[in-house]
Structure formats: structure tokens, C-alpha cells
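Q: Starting off with a structure, shown below.
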Amino acid sequence: MSDRGESNTLLEIKNLSVAYGDTKVVDSLSFTLCPGESLCIAGESGSGKSQTALAIMGLLPPNARVSGEVLFRGRNLIGAANDTLNDYRARRMAMVFQDPMAALNPYLSIGKQLRRILIDHGMAYGADATERALAMLSRVGLPDAERQYRAYPHELSGGMRQRALIASALIAEPELLIADEPTTALDVTVQAQILRLLGELRKQTDVAMLLITHDLGVVSGNCERMMVIDQGRLIEQGSTRELFANPSRQRTASMMTAASGFISASPPRKSAGTDDQGAALLETRNLSVAFRERRAGRRQKLHAVQDISLTIGRGETLAVVGESGSGKTSLARAIVGLLAESSGTVSFLGNSLEPLVETRSNKIRRQLQMVFQDPVGSLNPAMRVGTIIAEPLLVHERSMTTTERVRASDEMLARVGLSADLRSRYPHELSGGQAQRVAIARALIMKPAVLICDEAVAALDGSVRQEVLGLLQAEQQRSSLSLLVITHDLAVVQQLSHRVLIMYMGRLFEMTGARELFRRPKHPYTRLLLDSTPLAGRSPPPDVPVVASEPASILNPPSGCVFHPRCPHAIERCLEERPALQSAEHGIVACHRAQELDLSR
């Protein structure tokens with residue numbers, strides 16, 4: 001058959017199976033995809049979704065045994081030579097991976113990586129390649145595209161890295177785009193932009209999209225058809241509308257329930273021992289973090305966090321919410337001692353802490369633990385899972401025997417929903433969800449007073465996410481554990497948090513109780529975040545602009561209120577005068593019009 005073929009089918013998968021040793025991770029999977037069509041492959045962590053995508057792209061490791069056919073325009077790519085596959089990759093089919101840090105080249109700037117794709121495929125050279133790369137970075141919603149063009153992957157936030165990866169996949173205008181959890185690391189406003197952008201590209205270029213996700217909230221309005229797989233097997237398929245209306249399998253129904261909306265109507269109760277009138281367990285006062293960055297031949301100061309004051313009581317959960325680049329992670333890292341704050345203080349039980357973790361006592365280190373956004377990157381690749389979890393005990397529980405440490409490690413594995421046989425695996429052998437649960441287990445084994453979770457459940461599918469959130473709540477009720485939760489998932493905020501802090505471009509915009517925030521937000525930015533949250537069965541909100549909803553550059557912030565270029569309620573005063581924090585019902589807010597606007601829905 002010719003390379004193009006005569007069929008209107010772009011991609012045809014016939015009896016695809018993938019196995020490692022005696023374990024079959026994809027089992028006789030078959031489906032088709034036509035030009036311009038969008039198909040979702042949904043399933044929970046470990047169901048074989050990503051393995052299917054890697055098999056299509058020819059990117060499976062050498063120890064994988066593959067059978068069946070992957071027909072692209074009639075050409076079978078299973079067993080094809082690497083030179084042949086390279087002719088198809090990027091130009092005809094491209095993939096957005098779940099972990100952008102692993103997919104991007106750490107030694108090349110983002111701009112050079114995009115230019116290299118264009119040059120290698122003979123699509124553009126010189127200034128034209130640069131111009132097209134900058135245009136694509138802007139198109140995927142990266143603020144200050146020129147700055148991000150020169151940046152290296154490690155200099156970007158998790159959400160920005162994912163957007164850069166999406167840009168690299170789209171820049172060669174492929175016929176097929178495979179998106180493996182493409183919005184997992186993105187905040188809700190950018191998630192809405194990217195999903196709508198992918199939809200517009202399909203209409204403009206006839207590109208087909210294979211969307212792989214565990215979150216059915218991103219499927220509605222973005223895919224005509226969907227298929228659900230479990231343990232490598234197809235269990236259900238059909239039109240998206242029909243499956244949402246009438247799922248025939250319990251697995252599908254449970255995934256839809258997890259993505260159907262906010263989880264609880266009321267905030268969680270305070271744990272036993274919480275004293276609202278007592279001294280704060282953890283407190284920051286006027287905490288600011290700044291970095292020096294070279295730009296246009298000179299060094300500029302980037303104010304990542306500006307004058308943030310907060311308190312967390314014993315047994316309380318404070319959620320920090322904001323878009324990518326808003327300063328959430330920098331705030332958390334300064335609190336835990338991984339960044340030297342420029343000014344301000346961090347206190348634990350009324351005692352001011354040293355700026356850096358290496359100068360803090362072991363007692364304080366044990367009390368403040370952190371679960372990072374990138375689980376695989378935070379785990380030692382040379383250690384097995386059991387050793388990773390037990391390692392902190394070598395420092396903080398020196399009297400424990402080896403047998404006791406192994407037993408404690410196995411017990412913690414069970415508490416985060418993992419089987420004991422995973423103890424012998426290495427981090428790269430885990431799924432994203434499994435790796436995140438290992439990171440949580442490593443932190444909880446220390447029995448900390450405060451656990452800082454930086455997007456700790458972002459990589460988890462619906463049911464596993466619920467299990468981990470339930471675990472955190474149970475730990476909180478049992479030991480009065482305090483949580484500082486950094487997230488872009490407002491369903492997590494509503495289920496887990498007592499109070500919420502909204503950040504934008506390094507500043508505190510609103511802080512209030514969780515119940516009040518969802519019922520009647522005081523800041524227009526908070527309203528934007530709520531409206532942008534995808535729900536299963538609901539199309540992306542129509543009033544979230546794709547381009548106009550981009551934040552400004554933090555190196556060159558707007559005058560007055562930094563949110564005014566995006567705010568539908570901005571007045572002349574907002575353009576000229578930065579709003580100060582003021583008291584509001586049940587909290588504080590930085591908005592000139594907070595007392596007059598009704599932002600409830």
C-alpha cells in the first residue's frame with residue numbers, strides 16, 4: 001500500500017499489544033482515527049494509556065514486546081526503521097508528553113529547541129524560524145514569549161514547561177497530535193485556553209487529536225469520541241455525549257463522578273486539637289522572594305513573591321491558588337527553606353527560622369516536610385522505592401533496626417494505596433501517580449507537623465486522587481497535621497482546605513474561608529479561576545479568552561493593579577493605583593471595587 005493510501009482513515013490500530021516479560025500492559029487494542037477527528041483514550045493510572053501512545057510513536061523501550069499493527073495513512077509503523085519513524089515524527093505526528101521536564105532538552109533554550117524542529121524538517125531557517133518559534137510560544141499562552149524563548153526548561157514553572165512542550169509539538173503542523181495528559185500541570189485558565197486552542201487548530205488545519213487523560217472534565221467539548229480502557233483492555237467506547245449520558249461500566253461511571261464537579265458542599269471540619277484562638281503553628285510576615293535574571297545584556301530583579309503574610313493553625317489546611325508563574329511554588333520553597341527569602345520572616349511555633357534548610361535543626365526539618373510538583377524528579381533514580389521511603393528514618397530514627405525500617409516503609413506504602421511488591425522498583429518504573437504516592441509516603445513517614453503539598457495530586461487519576469486526599473484528611477484528623485496545599489485544582493481546594501489564599505504575579509489578591517470563596521468571591525481574578533474550571537459534561541466556559549487571558553510579564557508588570565489588563569471590571573483608578581489589602585467579609589482582598597462588585601453566580 002502507498003504511503004498516503006486511498007482511505008480516509010488517518011490512523012488505524014489493529015490488535016495492538018504491549019508486554020514486558022509476562023505482564024501485558026496493552027491487550028489487543030483496536031481503533032481508528034480520521035483526519036480532523038478527536039478521540040479520547042480515558043483510563044486510570046496504569047491502565048495502558050501512555051503505553052498505547054508510545055507504541056504509536058515508536059518510542060517504547062527495547063525490552064517492550066509489541067505485536068499488532070499501527071497504520072498511519074496505510075503504512076505500518078510497527079517494526080519500521082528509526083529513520084522511517086523520524087520522517088513521521090514531528091512533521092506528520094507529534095506527541096505532548098505528561099512530564100515536560102523529561103521531554104525537553106535541559107541543555108538547550110526553549111527557543112533553540114523549537115527552531116531545531118523547523119530547521120531539521122526544512123520548514124524554516126534563520127530569522128523566519130525565530131519568528132515562527134516566538135509566535136508559537138505566544139499562541140500557547142506563555143507570558144512574555146521573548147523571555148521564555150531564551151529560557152532553559154529548569155528556569156520555567158511546571159505549567160510553563162508544559163506549554164513550551166505543547167508549542168514544540170504544534171510548531172511543525174502535524175497531521176496527528178497525541179496529547180498525553182497535556183493539561184495535567186496547567187492552571188485552570190491556561191487549561192481552558194490550551195484545550196480551546198487545540199480545538200481551533202483542528203478546525204483550521206484538519207489535525208487529528210488523540211487525547212489521553214484520566215480527567216474526564218477535559219474531555220467535554222473537546223472530543224467527539226472516547227474509549228475507556230482498564231488494565232490494557234478496551235472496556236467501553238462510543239460518542240462522548242452518549243457515554244457521558246449513559247455509561248455502561250462502573251469504571252467509567254466512577255471516573256465521571258470524580259470529574260463531574262466540586263466534590264463537597266461544605267469545607268472539611270477542623271481536626272481534633274485545633275485551637276482557632278491559639279498561636280499560629282506556621283507564620284510568614286511580609287515574606288518576599290526575588291531572583292536576578294539577565295535580560296537584554298543586563299541583570300533585572302524578578303519579584304517572585306511580594307510581601308506575603310499568612311498563618312496556619314494546628315490541624316488547618318490553607319490552600320494557595322493561582323496561575324502558573326504566580327509565585328506559589330516560590331512561596332512554598334521559601335517557607336521550607338529551599339530559597340533564601342529576600343525579606344520577611346518564617347516562624348514555627350513563634351520561633352523565627354533560619355532562611356535555608358541546611359542551617360535549620362533536624363527537629364525543624366522533620367516538622368516541615370514537602371511533596372514536590374514533579375514526583376519523578378524529586379525521587380533518587382538510583383534508589384529503590386523501599387529505600388527512598390525508609391531513608392529519612394536513617395537520619396531521624398537512628399535507633400530503628402533495618403527490619404523495623406522495612407516494616408515502616410511497607411506500612412506507609414499500604415497507607416498511600418501501593419502494594420508492598422513495589423518496594424523493589426526504581427522511580428522510572430513507576431507511573432506518574434505511583435511516583436507521587438511514593439513521594440507522599442516519604443514525607444509522611446516523618447510524622448511532620450506541617451506538610452507542604454506542591455500540586456501533590458495533579459498527576460493522579462480521579463479515584464486515586466480521592467484516595468490520597470482521603471489519606472491526607474485522615475492524617476490530619478489523627479495527628480492534627482497542618483497542610484499548605486498548592487494547587488490549580490479547585491475541587492481539591494474545596495474538599496481539603498479551610499482557608500484559601502489567591503496569588504497573582506507574586507501578590508496576595510484574596511484570602512478567605514473556602515466556603516465563602518466558592519459562594520461569593522471578592523476579586524475578579526478569583527471569579528476567573530472558578531469559571532475556568534473544567535467539569536465533566538460541560539464545555540469550556542465561553543467567556544475565557546484564549547489570548548486576552550494571558551498574564552503580563554512579571555519582569556515588566558502593568559501599572560496600578562497588575563490584573564487590570566485582563567479584568568472586565570477595571571476602571572481608571574485600577575490603571576493608575578495599586579490596590580492595598582483591605583478587610584472584606586470573612587477575609588481580605590486587594591481590589592478597589594471589592595465592596596461594590598457582586599461576583600457570585
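Chain identifiers are assigned as A, B, and so on, following the order in which chains appear in the C-alpha cells; residues are numbered from 1 within each chain, and ligands are numbered from 1 in order of appearance.
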Which residues are near Pro100 (chain A)? Cut-off 12 Å, only C-alpha atoms, ignore same chain within fewer than 6 positions. Put them as number ranges by chain.
A: A: 106, 110, 153-154, 156-169, 179-186, 373-374, 376-377
Q: Near Asp489 (chain A), within 8 Å and counting only C-alpha atoms, which residues show up once chain neighbours fewer than 5 positions away are dropped, as a list in words?
A: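 The filter keeps Asp187, Val188, Ala458 and Thr533 of chain A.
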Q: Could you write those residues out with all heavy atoms, as a compact mmCIF listing (two decimals), in the first residue's frame?
A:
```txt
# COMPACT_ATOMS: atom_id res chain seq x y z
N ASP A 187 -2.61 25.41 35.14
CA ASP A 187 -3.67 26.00 35.92
C ASP A 187 -4.93 26.08 35.07
O ASP A 187 -4.91 25.91 33.86
CB ASP A 187 -3.26 27.39 36.42
CG ASP A 187 -2.79 28.28 35.29
OD1 ASP A 187 -3.64 28.73 34.50
OD2 ASP A 187 -1.58 28.51 35.19
N VAL A 188 -6.05 26.35 35.72
CA VAL A 188 -7.34 26.19 35.05
C VAL A 188 -7.55 27.17 33.90
O VAL A 188 -8.16 26.82 32.88
CB VAL A 188 -8.50 26.29 36.06
CG1 VAL A 188 -8.52 25.08 36.96
CG2 VAL A 188 -8.43 27.58 36.87
N ALA A 458 -1.81 16.36 41.36
CA ALA A 458 -2.06 16.76 39.97
C ALA A 458 -1.89 15.60 39.00
O ALA A 458 -2.56 15.53 37.97
CB ALA A 458 -1.13 17.91 39.59
N THR A 533 -12.68 26.40 35.54
CA THR A 533 -12.55 25.01 35.98
C THR A 533 -13.37 24.09 35.09
O THR A 533 -14.58 24.27 34.97
CB THR A 533 -13.01 24.86 37.44
OG1 THR A 533 -12.24 25.73 38.27
CG2 THR A 533 -12.85 23.43 37.90
```
Q: If you run DSSP on the backbone, which residues of region 321-550 of chain A are strand (DSSP E), as a tab-separated table (two decimals) with N, CA and C atoms, in the first residue's frame?
A:
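Contents of part-v7.tsv, as written:
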```
chain	number	residue	atom	x	y	z
A	321	VAL	N	-3.66	29.21	45.74
A	321	VAL	CA	-4.16	29.01	44.38
A	321	VAL	C	-3.74	30.18	43.51
A	343	SER	N	13.37	39.14	51.99
A	343	SER	CA	12.99	39.89	53.18
A	343	SER	C	11.83	39.17	53.83
A	344	GLY	N	11.51	39.61	55.06
A	344	GLY	CA	10.43	38.98	55.79
A	344	GLY	C	10.92	37.80	56.61
A	345	THR	N	9.98	37.16	57.31
A	345	THR	CA	10.35	36.07	58.21
A	345	THR	C	9.41	34.88	58.04
A	346	VAL	N	9.93	33.71	58.41
A	346	VAL	CA	9.14	32.49	58.53
A	346	VAL	C	9.31	32.00	59.97
A	347	SER	N	8.18	31.74	60.65
A	347	SER	CA	8.22	31.33	62.05
A	347	SER	C	7.48	30.02	62.25
A	348	PHE	N	8.00	29.19	63.15
A	348	PHE	CA	7.34	27.94	63.53
A	348	PHE	C	7.17	27.95	65.03
A	351	ASN	N	8.84	30.83	66.79
A	351	ASN	CA	10.29	30.97	66.69
A	351	ASN	C	10.69	31.21	65.23
A	352	SER	N	11.43	32.27	65.01
A	352	SER	CA	11.88	32.60	63.66
A	352	SER	C	12.86	31.56	63.15
A	368	LEU	N	8.70	20.20	59.13
A	368	LEU	CA	8.26	20.81	57.88
A	368	LEU	C	8.70	19.94	56.72
A	369	GLN	N	7.76	19.22	56.13
A	369	GLN	CA	8.06	18.34	55.01
A	369	GLN	C	7.32	18.84	53.76
A	370	MET	N	7.87	18.49	52.59
A	370	MET	CA	7.30	18.99	51.34
A	370	MET	C	7.18	17.87	50.32
A	371	VAL	N	6.06	17.85	49.62
A	371	VAL	CA	5.84	16.96	48.49
A	371	VAL	C	5.87	17.82	47.24
A	450	VAL	N	3.75	19.99	59.75
A	450	VAL	CA	3.26	20.72	58.58
A	450	VAL	C	3.72	19.99	57.33
A	451	LEU	N	2.78	19.70	56.45
A	451	LEU	CA	3.10	19.08	55.17
A	451	LEU	C	2.75	20.08	54.07
A	452	ILE	N	3.74	20.44	53.28
A	452	ILE	CA	3.54	21.38	52.17
A	452	ILE	C	3.43	20.56	50.89
A	453	CYS	N	2.29	20.64	50.24
A	453	CYS	CA	2.00	19.83	49.06
A	453	CYS	C	1.95	20.72	47.83
A	454	ASP	N	2.95	20.61	46.97
A	454	ASP	CA	3.00	21.42	45.75
A	454	ASP	C	2.43	20.59	44.61
A	482	SER	N	-1.01	19.85	59.86
A	482	SER	CA	-1.34	21.07	59.14
A	482	SER	C	-0.87	20.94	57.70
A	483	LEU	N	-1.68	21.47	56.78
A	483	LEU	CA	-1.38	21.33	55.36
A	483	LEU	C	-1.33	22.69	54.69
A	484	LEU	N	-0.29	22.91	53.90
A	484	LEU	CA	-0.21	24.04	52.98
A	484	LEU	C	-0.27	23.44	51.59
A	485	VAL	N	-1.42	23.60	50.93
A	485	VAL	CA	-1.68	22.92	49.67
A	485	VAL	C	-1.60	23.91	48.52
A	486	ILE	N	-0.66	23.67	47.61
A	486	ILE	CA	-0.53	24.48	46.41
A	486	ILE	C	-1.17	23.71	45.26
A	487	THR	N	-2.15	24.31	44.63
A	487	THR	CA	-2.89	23.56	43.62
A	487	THR	C	-3.56	24.50	42.64
A	499	ARG	N	-9.12	27.41	54.58
A	499	ARG	CA	-8.98	28.77	54.05
A	499	ARG	C	-8.22	28.72	52.73
A	500	VAL	N	-8.35	29.78	51.93
A	500	VAL	CA	-7.75	29.83	50.60
A	500	VAL	C	-7.04	31.16	50.42
A	501	LEU	N	-5.84	31.11	49.88
A	501	LEU	CA	-5.06	32.30	49.54
A	501	LEU	C	-4.90	32.34	48.03
A	502	ILE	N	-5.33	33.41	47.40
A	502	ILE	CA	-5.24	33.58	45.95
A	502	ILE	C	-4.06	34.47	45.63
A	503	MET	N	-3.14	33.98	44.77
A	503	MET	CA	-1.96	34.74	44.38
A	503	MET	C	-1.99	35.06	42.88
A	504	TYR	N	-1.43	36.22	42.55
A	504	TYR	CA	-1.30	36.61	41.15
A	504	TYR	C	-0.04	37.47	41.01
A	507	ARG	N	1.71	38.44	44.23
A	507	ARG	CA	0.99	39.20	45.25
A	507	ARG	C	-0.23	38.44	45.76
A	508	LEU	N	-0.58	38.74	47.00
A	508	LEU	CA	-1.79	38.20	47.59
A	508	LEU	C	-2.97	39.03	47.10
A	509	PHE	N	-3.93	38.39	46.43
A	509	PHE	CA	-5.11	39.09	45.92
A	509	PHE	C	-6.33	38.90	46.80
A	510	GLU	N	-6.45	37.70	47.37
A	510	GLU	CA	-7.61	37.43	48.22
A	510	GLU	C	-7.28	36.28	49.16
A	511	MET	N	-7.74	36.39	50.41
A	511	MET	CA	-7.62	35.29	51.36
A	511	MET	C	-8.92	35.23	52.16
A	512	THR	N	-9.54	34.07	52.16
A	512	THR	CA	-10.84	33.94	52.80
A	512	THR	C	-11.10	32.47	53.11
A	513	GLY	N	-12.23	32.19	53.75
A	513	GLY	CA	-12.63	30.83	54.01
A	513	GLY	C	-13.02	30.12	52.73
```
Q: Can you tell me which residues surround Val70 (chain A) at a distance of at most 8 Å, considering only C-alpha atoms, apart from same-chain residues fewer than 5 positions away, and format the answer as JSON, numbers by chain?
A: {"A": [11, 12, 13, 14, 16, 56, 75, 76, 77, 78]}
Q: Neighbouring residues of Met226 (chain A) were defined as those with any atom within 6 Å, considering only C-alpha atoms; residues of the same chain fewer than 6 positions away were excluded. Please report them as a list of chain:residue names.
A: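 That gives A:Leu39, A:Cys40, A:Ile41, A:Gln237, A:Gly238, A:Thr240.
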Q: So which residues touch Glu411 (chain A) within 12 Å, counting only C-alpha atoms, skipping near sequence neighbours fewer than 2 positions away, as a PDB file with N, CA, C and O atoms, in the first residue's frame?
A:
```pdb
ATOM      1  N   GLY A 386      11.463   1.187  48.274  1.00  0.00           N
ATOM      2  CA  GLY A 386      11.521   0.912  49.708  1.00  0.00           C
ATOM      3  C   GLY A 386      12.605   1.711  50.405  1.00  0.00           C
ATOM      4  O   GLY A 386      12.403   2.235  51.507  1.00  0.00           O
ATOM      5  N   ILE A 389      11.637   5.548  50.693  1.00  0.00           N
ATOM      6  CA  ILE A 389      10.687   5.856  51.765  1.00  0.00           C
ATOM      7  C   ILE A 389      11.344   5.734  53.135  1.00  0.00           C
ATOM      8  O   ILE A 389      11.091   6.545  54.036  1.00  0.00           O
ATOM      9  N   ALA A 390      12.200   4.742  53.297  1.00  0.00           N
ATOM     10  CA  ALA A 390      12.810   4.497  54.608  1.00  0.00           C
ATOM     11  C   ALA A 390      14.007   5.394  54.884  1.00  0.00           C
ATOM     12  O   ALA A 390      14.412   5.535  56.047  1.00  0.00           O
ATOM     13  N   GLU A 404      12.832  -3.002  61.210  1.00  0.00           N
ATOM     14  CA  GLU A 404      11.811  -2.022  61.608  1.00  0.00           C
ATOM     15  C   GLU A 404      11.610  -0.976  60.523  1.00  0.00           C
ATOM     16  O   GLU A 404      10.477  -0.546  60.259  1.00  0.00           O
ATOM     17  N   ARG A 405      12.687  -0.550  59.882  1.00  0.00           N
ATOM     18  CA  ARG A 405      12.550   0.436  58.801  1.00  0.00           C
ATOM     19  C   ARG A 405      11.805  -0.154  57.609  1.00  0.00           C
ATOM     20  O   ARG A 405      10.974   0.517  56.992  1.00  0.00           O
ATOM     21  N   VAL A 406      12.100  -1.409  57.277  1.00  0.00           N
ATOM     22  CA  VAL A 406      11.394  -2.066  56.165  1.00  0.00           C
ATOM     23  C   VAL A 406       9.913  -2.188  56.487  1.00  0.00           C
ATOM     24  O   VAL A 406       9.047  -1.939  55.633  1.00  0.00           O
ATOM     25  N   ARG A 407       9.615  -2.560  57.742  1.00  0.00           N
ATOM     26  CA  ARG A 407       8.211  -2.701  58.136  1.00  0.00           C
ATOM     27  C   ARG A 407       7.504  -1.345  58.067  1.00  0.00           C
ATOM     28  O   ARG A 407       6.367  -1.257  57.569  1.00  0.00           O
ATOM     29  N   ALA A 408       8.154  -0.299  58.534  1.00  0.00           N
ATOM     30  CA  ALA A 408       7.550   1.037  58.489  1.00  0.00           C
ATOM     31  C   ALA A 408       7.340   1.493  57.052  1.00  0.00           C
ATOM     32  O   ALA A 408       6.321   2.111  56.718  1.00  0.00           O
ATOM     33  N   SER A 409       8.286   1.171  56.182  1.00  0.00           N
ATOM     34  CA  SER A 409       8.171   1.532  54.770  1.00  0.00           C
ATOM     35  C   SER A 409       7.002   0.807  54.114  1.00  0.00           C
ATOM     36  O   SER A 409       6.215   1.415  53.365  1.00  0.00           O
ATOM     37  N   LEU A 413       3.620   2.391  52.459  1.00  0.00           N
ATOM     38  CA  LEU A 413       3.191   2.066  51.093  1.00  0.00           C
ATOM     39  C   LEU A 413       1.714   1.691  51.074  1.00  0.00           C
ATOM     40  O   LEU A 413       0.952   2.142  50.209  1.00  0.00           O
ATOM     41  N   ALA A 414       1.312   0.863  52.034  1.00  0.00           N
ATOM     42  CA  ALA A 414      -0.090   0.441  52.091  1.00  0.00           C
ATOM     43  C   ALA A 414      -1.004   1.628  52.380  1.00  0.00           C
ATOM     44  O   ALA A 414      -2.110   1.722  51.819  1.00  0.00           O
ATOM     45  N   ARG A 415      -0.571   2.551  53.203  1.00  0.00           N
ATOM     46  CA  ARG A 415      -1.407   3.699  53.571  1.00  0.00           C
ATOM     47  C   ARG A 415      -1.630   4.647  52.409  1.00  0.00           C
ATOM     48  O   ARG A 415      -2.632   5.362  52.369  1.00  0.00           O
ATOM     49  N   VAL A 416      -0.704   4.668  51.446  1.00  0.00           N
ATOM     50  CA  VAL A 416      -0.906   5.528  50.277  1.00  0.00           C
ATOM     51  C   VAL A 416      -1.416   4.730  49.080  1.00  0.00           C
ATOM     52  O   VAL A 416      -1.402   5.211  47.947  1.00  0.00           O
ATOM     53  N   GLY A 417      -1.860   3.493  49.331  1.00  0.00           N
ATOM     54  CA  GLY A 417      -2.528   2.736  48.290  1.00  0.00           C
ATOM     55  C   GLY A 417      -1.624   1.993  47.332  1.00  0.00           C
ATOM     56  O   GLY A 417      -2.033   1.699  46.206  1.00  0.00           O
ATOM     57  N   LEU A 418      -0.408   1.652  47.752  1.00  0.00           N
ATOM     58  CA  LEU A 418       0.523   0.917  46.895  1.00  0.00           C
ATOM     59  C   LEU A 418       0.848  -0.431  47.539  1.00  0.00           C
ATOM     60  O   LEU A 418       0.927  -0.541  48.762  1.00  0.00           O
ATOM     61  N   SER A 419       1.055  -1.438  46.697  1.00  0.00           N
ATOM     62  CA  SER A 419       1.369  -2.772  47.213  1.00  0.00           C
ATOM     63  C   SER A 419       2.838  -2.866  47.596  1.00  0.00           C
ATOM     64  O   SER A 419       3.692  -2.158  47.048  1.00  0.00           O
ATOM     65  N   ALA A 420       3.120  -3.763  48.520  1.00  0.00           N
ATOM     66  CA  ALA A 420       4.477  -3.904  49.040  1.00  0.00           C
ATOM     67  C   ALA A 420       5.463  -4.386  47.984  1.00  0.00           C
ATOM     68  O   ALA A 420       6.672  -4.152  48.102  1.00  0.00           O
ATOM     69  N   ARG A 423       8.196  -2.108  46.414  1.00  0.00           N
ATOM     70  CA  ARG A 423       9.380  -1.638  47.140  1.00  0.00           C
ATOM     71  C   ARG A 423      10.678  -1.864  46.366  1.00  0.00           C
ATOM     72  O   ARG A 423      11.663  -1.157  46.555  1.00  0.00           O
ATOM     73  N   ALA A 441       4.409   9.258  50.658  1.00  0.00           N
ATOM     74  CA  ALA A 441       4.775   8.307  51.709  1.00  0.00           C
ATOM     75  C   ALA A 441       6.091   8.682  52.365  1.00  0.00           C
ATOM     76  O   ALA A 441       6.238   8.597  53.589  1.00  0.00           O
ATOM     77  N   ARG A 442       7.066   9.113  51.558  1.00  0.00           N
ATOM     78  CA  ARG A 442       8.367   9.508  52.109  1.00  0.00           C
ATOM     79  C   ARG A 442       8.223  10.683  53.064  1.00  0.00           C
ATOM     80  O   ARG A 442       8.917  10.759  54.092  1.00  0.00           O
ATOM     81  N   LEU A 444       5.337  11.599  54.754  1.00  0.00           N
ATOM     82  CA  LEU A 444       4.505  11.274  55.912  1.00  0.00           C
ATOM     83  C   LEU A 444       5.190  10.341  56.902  1.00  0.00           C
ATOM     84  O   LEU A 444       4.824  10.311  58.079  1.00  0.00           O
ATOM     85  N   ILE A 445       6.187   9.584  56.446  1.00  0.00           N
ATOM     86  CA  ILE A 445       6.852   8.657  57.362  1.00  0.00           C
ATOM     87  C   ILE A 445       7.590   9.408  58.467  1.00  0.00           C
ATOM     88  O   ILE A 445       7.892   8.847  59.519  1.00  0.00           O
TER      89      ILE A 445
END
```
Q: So, with only C-alpha atoms as the atoms that count, which of A:Leu460, A:Leu472, A:Leu529, A:Ala53 lies closest to His214 (chain A)?
A: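 Looking at the shortest contact to His214 (chain A), the residue is A:Leu460.
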Q: Go through A:Leu302, A:Leu142, A:Leu281, A:Val493 and flag the residue nearest Ala552 (chain A), using only C-alpha atoms for the distances.
A: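 Among the listed residues, A:Leu142 lies closest to Ala552 (chain A).
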Q: Select from region 120-334 of chain A everything DSSP, run on the backbone, classes as helix (DSSP H, G or I), then give the selection as a ChimeraX atom specification.
A: /A:120,126-139,145-150,153-155,158-170,188-205,216-218,240-245,250-258,328-334
Q: Could you dump the residues just selected with C-alpha atoms as a compact mmCIF listing (two decimals), in the first residue's frame?
A:
```txt
# COMPACT_ATOMS: atom_id res chain seq x y z
CA ASP A 120 15.61 19.72 10.85
CA GLY A 126 17.24 31.95 10.27
CA ALA A 127 15.03 34.87 11.25
CA ASP A 128 11.94 33.14 9.88
CA ALA A 129 12.46 30.18 12.23
CA THR A 130 12.92 32.54 15.18
CA GLU A 131 9.79 34.48 14.30
CA ARG A 132 7.70 31.31 13.98
CA ALA A 133 9.03 29.97 17.28
CA LEU A 134 8.14 33.21 19.09
CA ALA A 135 4.68 33.24 17.52
CA MET A 136 4.01 29.68 18.67
CA LEU A 137 5.14 30.42 22.25
CA SER A 138 2.69 33.32 22.34
CA ARG A 139 -0.04 31.18 20.83
CA ALA A 145 7.36 34.99 24.80
CA GLU A 146 10.74 36.64 24.16
CA ARG A 147 11.86 35.91 27.70
CA GLN A 148 10.67 32.30 27.58
CA TYR A 149 12.33 31.86 24.17
CA ARG A 150 15.73 32.42 25.83
CA PRO A 153 13.48 24.29 30.91
CA HIS A 154 14.63 24.38 34.55
CA GLU A 155 14.01 28.15 34.62
CA GLY A 158 5.80 23.37 35.68
CA GLY A 159 2.90 24.91 33.79
CA MET A 160 5.17 26.99 31.58
CA ARG A 161 7.26 23.93 30.72
CA GLN A 162 4.11 22.08 29.64
CA ARG A 163 3.07 24.97 27.42
CA ALA A 164 6.55 25.06 25.86
CA LEU A 165 6.24 21.33 25.17
CA ILE A 166 2.86 21.86 23.52
CA ALA A 167 4.42 24.57 21.36
CA SER A 168 7.19 22.19 20.26
CA ALA A 169 4.59 19.61 19.26
CA LEU A 170 2.45 22.03 17.28
CA VAL A 188 -7.34 26.19 35.05
CA THR A 189 -7.28 29.36 32.95
CA VAL A 190 -4.43 28.17 30.75
CA GLN A 191 -6.01 24.71 30.61
CA ALA A 192 -9.15 26.27 29.13
CA GLN A 193 -7.01 28.24 26.66
CA ILE A 194 -4.96 25.23 25.55
CA LEU A 195 -7.98 22.97 25.09
CA ARG A 196 -9.72 25.65 23.06
CA LEU A 197 -6.53 26.27 21.08
CA LEU A 198 -6.31 22.57 20.22
CA GLY A 199 -9.92 22.69 19.09
CA GLU A 200 -9.27 25.72 16.88
CA LEU A 201 -6.20 24.08 15.34
CA ARG A 202 -8.29 21.06 14.43
CA LYS A 203 -10.76 23.29 12.61
CA GLN A 204 -8.05 25.32 10.86
CA THR A 205 -5.63 22.57 9.84
CA LEU A 216 -12.94 13.43 32.09
CA GLY A 217 -13.52 17.09 32.89
CA VAL A 218 -11.20 17.99 29.99
CA THR A 240 -18.58 11.29 24.09
CA ARG A 241 -22.09 12.62 24.55
CA GLU A 242 -23.61 9.13 24.73
CA LEU A 243 -21.04 7.80 27.19
CA PHE A 244 -21.47 10.79 29.50
CA ALA A 245 -25.24 10.37 29.37
CA GLN A 250 -18.93 1.09 36.67
CA ARG A 251 -15.32 2.12 35.99
CA THR A 252 -16.49 4.75 33.51
CA ALA A 253 -19.24 5.95 35.85
CA SER A 254 -16.80 6.38 38.76
CA MET A 255 -14.38 8.41 36.60
CA MET A 256 -17.24 10.69 35.54
CA THR A 257 -18.35 11.15 39.12
CA ALA A 258 -14.82 12.24 40.09
CA LYS A 328 3.00 29.74 44.63
CA THR A 329 5.94 27.34 44.42
CA SER A 330 8.48 30.07 45.29
CA LEU A 331 6.43 30.86 48.40
CA ALA A 332 6.40 27.20 49.43
CA ARG A 333 10.11 26.74 48.79
CA ALA A 334 10.96 29.84 50.84
```
Q: Figure out the distance between CA of Val385 (chain A) and CA of Thr402 (chain A), please, to one decimal in Å.
A: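 Calculated distance between CA of Thr402 (chain A) and CA of Val385 (chain A) is 15.1 Å.
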Q: Please compute the CA of Glu475 (chain A)-CA of Glu455 (chain A) distance, one decimal, in Å.
A: 18.0 Å
